[in-house]
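Visitor: Quick one, start03.pdb (PDB, C-alpha atoms):
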ATOM      1  CA  MET A   1     -69.838 -17.018  -3.369
ATOM      2  CA  SER A   2     -71.376 -16.702   0.083
ATOM      3  CA  CYS A   3     -69.631 -14.789   2.850
ATOM      4  CA  TYR A   4     -68.785 -18.053   4.649
ATOM      5  CA  LEU A   5     -67.140 -19.494   1.543
ATOM      6  CA  THR A   6     -65.206 -16.276   0.928
ATOM      7  CA  VAL A   7     -63.680 -16.485   4.402
ATOM      8  CA  GLU A   8     -62.871 -20.166   3.937
ATOM      9  CA  TYR A   9     -61.445 -19.494   0.468
ATOM     10  CA  ASN A  10     -59.085 -16.880   1.927
ATOM     11  CA  LYS A  11     -57.963 -19.268   4.672
ATOM     12  CA  ILE A  12     -57.282 -22.066   2.206
ATOM     13  CA  TYR A  13     -55.477 -19.670  -0.161
ATOM     14  CA  THR A  14     -53.247 -18.459   2.703
ATOM     15  CA  PHE A  15     -52.503 -22.064   3.633
ATOM     16  CA  CYS A  16     -51.619 -22.959   0.029
ATOM     17  CA  TYR A  17     -49.492 -19.845  -0.386
ATOM     18  CA  PHE A  18     -47.582 -20.776   2.777
ATOM     19  CA  LYS A  19     -46.828 -24.134   1.197
ATOM     20  CA  VAL A  20     -45.937 -23.169  -2.389
ATOM     21  CA  LYS A  21     -44.704 -19.546  -2.080
ATOM     22  CA  ASN A  22     -46.259 -18.579  -5.416
ATOM     23  CA  ARG A  23     -49.472 -16.574  -5.798
ATOM     24  CA  GLU A  24     -50.635 -18.048  -9.083
ATOM     25  CA  VAL A  25     -49.947 -21.621  -8.037
ATOM     26  CA  ALA A  26     -51.645 -21.017  -4.671
ATOM     27  CA  GLU A  27     -54.717 -19.660  -6.469
ATOM     28  CA  ASP A  28     -54.814 -22.699  -8.754
ATOM     29  CA  ILE A  29     -54.448 -25.120  -5.872
ATOM     30  CA  THR A  30     -57.123 -23.284  -3.879
ATOM     31  CA  GLN A  31     -59.541 -23.536  -6.797
ATOM     32  CA  GLU A  32     -58.701 -27.205  -7.244
ATOM     33  CA  THR A  33     -59.330 -27.733  -3.526
ATOM     34  CA  PHE A  34     -62.816 -26.268  -3.711
ATOM     35  CA  LEU A  35     -63.640 -28.176  -6.896
ATOM     36  CA  LYS A  36     -62.695 -31.434  -5.192
ATOM     37  CA  TYR A  37     -64.580 -30.406  -2.062
ATOM     38  CA  PHE A  38     -67.802 -29.723  -3.975
ATOM     39  CA  SER A  39     -67.432 -32.900  -6.038
ATOM     40  CA  THR A  40     -67.565 -35.028  -2.873
ATOM     41  CA  THR A  41     -71.160 -34.308  -1.974
ATOM     42  CA  ASP A  42     -71.437 -37.321   0.325
ATOM     43  CA  TYR A  43     -69.042 -35.702   2.801
ATOM     44  CA  LEU A  44     -70.643 -32.255   2.727
ATOM     45  CA  GLU A  45     -73.543 -33.420   4.885
ATOM     46  CA  ARG A  46     -71.385 -34.585   7.792
ATOM     47  CA  GLY A  47     -68.062 -33.854   9.403
ATOM     48  CA  LYS A  48     -66.004 -30.718   9.857
ATOM     49  CA  LYS A  49     -65.966 -28.853   6.577
ATOM     50  CA  LEU A  50     -62.923 -26.680   7.261
ATOM     51  CA  ALA A  51     -60.749 -29.585   8.405
ATOM     52  CA  PHE A  52     -61.771 -31.465   5.268
ATOM     53  CA  LEU A  53     -60.857 -28.446   3.114
ATOM     54  CA  TYR A  54     -57.409 -28.247   4.739
ATOM     55  CA  THR A  55     -56.857 -31.953   4.136
ATOM     56  CA  ILE A  56     -57.758 -31.593   0.461
ATOM     57  CA  ALA A  57     -55.529 -28.492   0.160
ATOM     58  CA  ARG A  58     -52.585 -30.272   1.778
ATOM     59  CA  ASN A  59     -52.985 -33.210  -0.606
ATOM     60  CA  CYS A  60     -53.240 -30.863  -3.607
ATOM     61  CA  CYS A  61     -50.011 -29.145  -2.517
ATOM     62  CA  ILE A  62     -48.302 -32.522  -2.202
ATOM     63  CA  ASP A  63     -49.537 -33.445  -5.684
ATOM     64  CA  TYR A  64     -48.194 -30.150  -7.037
ATOM     65  CA  PHE A  65     -44.721 -30.834  -5.644
ATOM     66  CA  ARG A  66     -44.777 -34.390  -6.942
ATOM     67  CA  LYS A  67     -45.656 -33.134 -10.419
ATOM     68  CA  THR A  68     -43.036 -30.390 -10.464
ATOM     69  CA  LYS A  69     -40.401 -32.300  -8.495
ATOM     70  CA  ASN A  70     -39.830 -29.180  -6.385
ATOM     71  CA  ILE A  71     -38.506 -29.387  -2.854
ATOM     72  CA  ILE A  72     -40.221 -27.364  -0.148
ATOM     73  CA  ASN A  73     -37.664 -24.925   1.235
ATOM     74  CA  ILE A  74     -38.802 -24.290   4.787
ATOM     75  CA  ASP A  75     -35.942 -21.866   5.410
ATOM     76  CA  ASP A  76     -37.248 -19.440   2.767
ATOM     77  CA  LEU A  77     -40.221 -17.939   4.568
ATOM     78  CA  SER A  78     -39.603 -14.367   3.543
ATOM     79  CA  GLY A  79     -42.400 -14.501   0.978
ATOM     80  CA  GLU A  80     -42.536 -12.446  -2.187
ATOM     81  CA  GLU A  81     -42.835  -9.058  -0.558
ATOM     82  CA  ILE A  82     -43.205  -7.315   2.748
ATOM     83  CA  GLN A  83     -46.261  -5.104   2.951
ATOM     84  CA  PRO A  84     -45.409  -1.431   3.426
ATOM     85  CA  VAL A  85     -45.826  -0.356   7.050
ATOM     86  CA  GLU A  86     -46.214   3.201   8.267
ATOM     87  CA  GLU A  87     -43.954   2.943  11.275
ATOM     88  CA  THR A  88     -40.389   1.663  11.238
ATOM     89  CA  GLN A  89     -40.888   0.011  14.612
ATOM     90  CA  ASN A  90     -43.781  -2.108  13.314
ATOM     91  CA  LEU A  91     -41.730  -3.148  10.303
ATOM     92  CA  GLU A  92     -38.787  -4.116  12.491
ATOM     93  CA  THR A  93     -41.041  -6.102  14.813
ATOM     94  CA  SER A  94     -42.646  -7.857  11.859
ATOM     95  CA  ILE A  95     -39.278  -8.864  10.438
ATOM     96  CA  VAL A  96     -37.975 -10.146  13.771
ATOM     97  CA  VAL A  97     -41.143 -12.164  14.452
ATOM     98  CA  GLN A  98     -41.089 -13.581  10.926
ATOM     99  CA  ALA A  99     -37.450 -14.610  11.401
ATOM    100  CA  ALA A 100     -38.301 -16.247  14.730
ATOM    101  CA  VAL A 101     -41.166 -18.207  13.162
ATOM    102  CA  SER A 102     -38.918 -19.309  10.291
ATOM    103  CA  GLN A 103     -36.652 -21.008  12.842
ATOM    104  CA  LEU A 104     -39.481 -23.281  13.986
ATOM    105  CA  ASN A 105     -39.816 -26.743  12.492
ATOM    106  CA  HIS A 106     -42.305 -27.160   9.639
ATOM    107  CA  GLU A 107     -45.097 -28.601  11.802
ATOM    108  CA  HIS A 108     -44.846 -25.728  14.283
ATOM    109  CA  GLN A 109     -44.840 -23.176  11.443
ATOM    110  CA  GLU A 110     -48.001 -24.771  10.110
ATOM    111  CA  ILE A 111     -49.662 -24.611  13.543
ATOM    112  CA  VAL A 112     -48.743 -20.915  13.862
ATOM    113  CA  LEU A 113     -50.249 -20.276  10.424
ATOM    114  CA  LEU A 114     -53.461 -22.127  11.245
ATOM    115  CA  ARG A 115     -53.907 -20.663  14.723
ATOM    116  CA  PHE A 116     -52.796 -17.061  14.360
ATOM    117  CA  THR A 117     -53.036 -16.215  10.667
ATOM    118  CA  ASN A 118     -56.121 -18.226   9.736
ATOM    119  CA  GLU A 119     -57.557 -17.975  13.274
ATOM    120  CA  LEU A 120     -58.617 -21.614  13.543
ATOM    121  CA  GLY A 121     -59.748 -22.961  16.873
ATOM    122  CA  VAL A 122     -57.773 -25.570  18.747
ATOM    123  CA  GLY A 123     -60.420 -28.194  17.972
ATOM    124  CA  GLU A 124     -60.220 -27.504  14.233
ATOM    125  CA  ILE A 125     -56.419 -27.706  14.299
ATOM    126  CA  ALA A 126     -56.612 -30.960  16.262
ATOM    127  CA  GLN A 127     -58.953 -32.494  13.728
ATOM    128  CA  TYR A 128     -56.821 -31.330  10.802
ATOM    129  CA  LEU A 129     -53.619 -32.719  12.333
ATOM    130  CA  GLY A 130     -55.330 -35.865  13.610
ATOM    131  CA  ILE A 131     -54.262 -35.299  17.209
ATOM    132  CA  SER A 132     -56.050 -34.472  20.457
ATOM    133  CA  ARG A 133     -56.882 -30.954  21.582
ATOM    134  CA  PHE A 134     -54.551 -31.512  24.527
ATOM    135  CA  ALA A 135     -51.695 -32.287  22.114
ATOM    136  CA  VAL A 136     -52.412 -29.056  20.217
ATOM    137  CA  TYR A 137     -52.299 -27.082  23.480
ATOM    138  CA  ARG A 138     -48.968 -28.747  24.347
ATOM    139  CA  LYS A 139     -47.581 -27.886  20.921
ATOM    140  CA  LEU A 140     -48.774 -24.267  21.222
ATOM    141  CA  ASN A 141     -47.050 -23.984  24.611
ATOM    142  CA  SER A 142     -43.882 -25.456  23.140
ATOM    143  CA  ILE A 143     -44.049 -23.023  20.206
ATOM    144  CA  GLU A 144     -44.549 -20.103  22.580
ATOM    145  CA  LYS A 145     -41.474 -21.122  24.594
ATOM    146  CA  GLU A 146     -39.378 -21.494  21.433
ATOM    147  CA  LEU A 147     -40.468 -18.079  20.177
ATOM    148  CA  LYS A 148     -39.783 -16.422  23.546
ATOM    149  CA  ILE A 149     -36.258 -17.826  23.558
ATOM    150  CA  SER A 150     -35.671 -16.712  19.976
ATOM    151  CA  LEU A 151     -37.099 -13.240  20.600
ATOM    152  CA  ARG A 152     -35.053 -12.819  23.793
ATOM    153  CA  LYS A 153     -31.923 -13.347  21.715
ATOM    154  CA  GLU A 154     -33.045 -10.409  19.571
ATOM    155  CA  ASP A 155     -33.944  -8.329  22.653
ATOM    156  CA  PHE A 156     -37.609  -8.272  21.606
ATOM    157  CA  TYR A 157     -38.996 -10.089  24.588
ATOM    158  CA  GLY A 158     -38.267  -9.247  28.211
TER     159      GLY A 158
END
Mind converting the file's structure to structure tokens?
Guide:
Amino acid sequence: MSCYLTVEYNKIYTFCYFKVKNREVAEDITQETFLKYFSTTDYLERGKKLAFLYTIARNCCIDYFRKTKNIINIDDLSGEEIQPVEETQNLETSIVVQAAVSQLNHEHQEIVLLRFTNELGVGEIAQYLGISRFAVYRKLNSIEKELKISLRKEDFYG
């Protein structure tokens, strides 16, 4: 797998894991996403590849939940484990920020994941969500305000 595909694979895996909260299922869905992506050779020559991959991944996650009849629990964003951190302060900050993000609505959580975890550009997020770049900037500003308010309540933001 080329370096470019490895980076994209990791981004899609992170996205799928955010949706399903299960490592094995996220790996399966990620593999299914890439198989579908490579089977549609007519699209590979044009368009934004990463946005197309996210669209396929989202649809695969939806299919997974339809098959298993599971309900996405947005409130359970704690994940399977917290990575060990050397300093207590960093761990505390991580927990508080994670709690603040979990209070956002699902769309805003997804934007935070795409922008800050997967490091997508505003244009890529706009294409994935099917909205304008201006709308993405507005949503990011709104998210920032929500997080500041939430973090002020926890005395983590001046």
Visitor: Which polymer residues have any atom within 9 Å of an atom of A:Asn118, counting all atoms listed in the file, with same-chain residues fewer than 6 positions away left out, as a ChimeraX atom specification?
Guide: /A:10-12,14-15,112
Visitor: Which is closer to A:Ala135 than all the others in A:Leu114, A:Ile56, A:Val122, A:Leu104, using all atoms listed in the file?
Guide: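 Closest to A:Ala135 of all the choices is A:Val122.
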Visitor: Here's a test: counting only C-alpha atoms, identify every protein, DNA and RNA residue with an atom at most 12 Å from (-54.5, -31.2, 15.5) in the file's coordinate frame, and state them as a CSV table (one decimal) with C-alpha atoms, in the coordinates of the input.
Guide:
chain,number,residue,atom,x,y,z
A,51,ALA,CA,-60.7,-29.6,8.4
A,54,TYR,CA,-57.4,-28.2,4.7
A,55,THR,CA,-56.9,-32.0,4.1
A,107,GLU,CA,-45.1,-28.6,11.8
A,108,HIS,CA,-44.8,-25.7,14.3
A,110,GLU,CA,-48.0,-24.8,10.1
A,111,ILE,CA,-49.7,-24.6,13.5
A,112,VAL,CA,-48.7,-20.9,13.9
A,114,LEU,CA,-53.5,-22.1,11.2
A,115,ARG,CA,-53.9,-20.7,14.7
A,120,LEU,CA,-58.6,-21.6,13.5
A,121,GLY,CA,-59.7,-23.0,16.9
A,122,VAL,CA,-57.8,-25.6,18.7
A,123,GLY,CA,-60.4,-28.2,18.0
A,124,GLU,CA,-60.2,-27.5,14.2
A,125,ILE,CA,-56.4,-27.7,14.3
A,126,ALA,CA,-56.6,-31.0,16.3
A,127,GLN,CA,-59.0,-32.5,13.7
A,128,TYR,CA,-56.8,-31.3,10.8
A,129,LEU,CA,-53.6,-32.7,12.3
A,130,GLY,CA,-55.3,-35.9,13.6
A,131,ILE,CA,-54.3,-35.3,17.2
A,132,SER,CA,-56.0,-34.5,20.5
A,133,ARG,CA,-56.9,-31.0,21.6
A,134,PHE,CA,-54.6,-31.5,24.5
A,135,ALA,CA,-51.7,-32.3,22.1
A,136,VAL,CA,-52.4,-29.1,20.2
A,137,TYR,CA,-52.3,-27.1,23.5
A,138,ARG,CA,-49.0,-28.7,24.3
A,139,LYS,CA,-47.6,-27.9,20.9
A,140,LEU,CA,-48.8,-24.3,21.2
Visitor: Distance atom CA of A:Ile143-atom CA of A:Tyr9, one decimal place?
Guide: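 Computed distance, atom CA of A:Ile143 to atom CA of A:Tyr9, equals 26.5 Å.
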Visitor: Given all atoms listed in the file as the basis, pick out the residue of A:Cys61, A:Ala26, A:Ser150, A:Leu35 nearest to A:Gln103.
Guide: A:Ser150
Visitor: Just the number, please: distance in Å from atom CA of A:Phe52 to atom CA of A:Tyr37, one decimal.
Guide: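 Result for atom CA of A:Phe52 versus atom CA of A:Tyr37: 7.9 Å, one decimal.
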Visitor: Report the distance between atom CA of A:Ser102 and atom CA of A:Arg152 in Å, rounded to one decimal place.
Guide: 15.5 Å
Visitor: Can you work out which one of A:Leu147, A:Ala57, A:Val7, A:Ile62 has the shortest atom-to-atom distance to A:Gln31, counting all atoms listed in the file?
Guide: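 Nearest candidate to A:Gln31 out of A:Leu147, A:Ala57, A:Val7, A:Ile62: A:Ala57.
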Visitor: Counting all atoms listed in the file, figure out which residue out of A:Ile149, A:Leu53, A:Val97, A:Asn141 gets nearest to A:Glu32.
Guide: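 Using all atoms listed in the file, the shortest distance to A:Glu32 belongs to A:Leu53.
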Visitor: Considering all atoms listed in the file, can you say which of A:Lys145, A:Leu113, A:Ile29, A:Lys36 comes closest to A:Tyr64?
Guide: A:Ile29
Visitor: Taking all atoms listed in the file into account, which of A:Val101, A:Val20, A:Leu50, A:Val96 comes nearest A:Phe34?
Guide: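 Residue with the minimum atom-to-atom distance to A:Phe34: A:Leu50.
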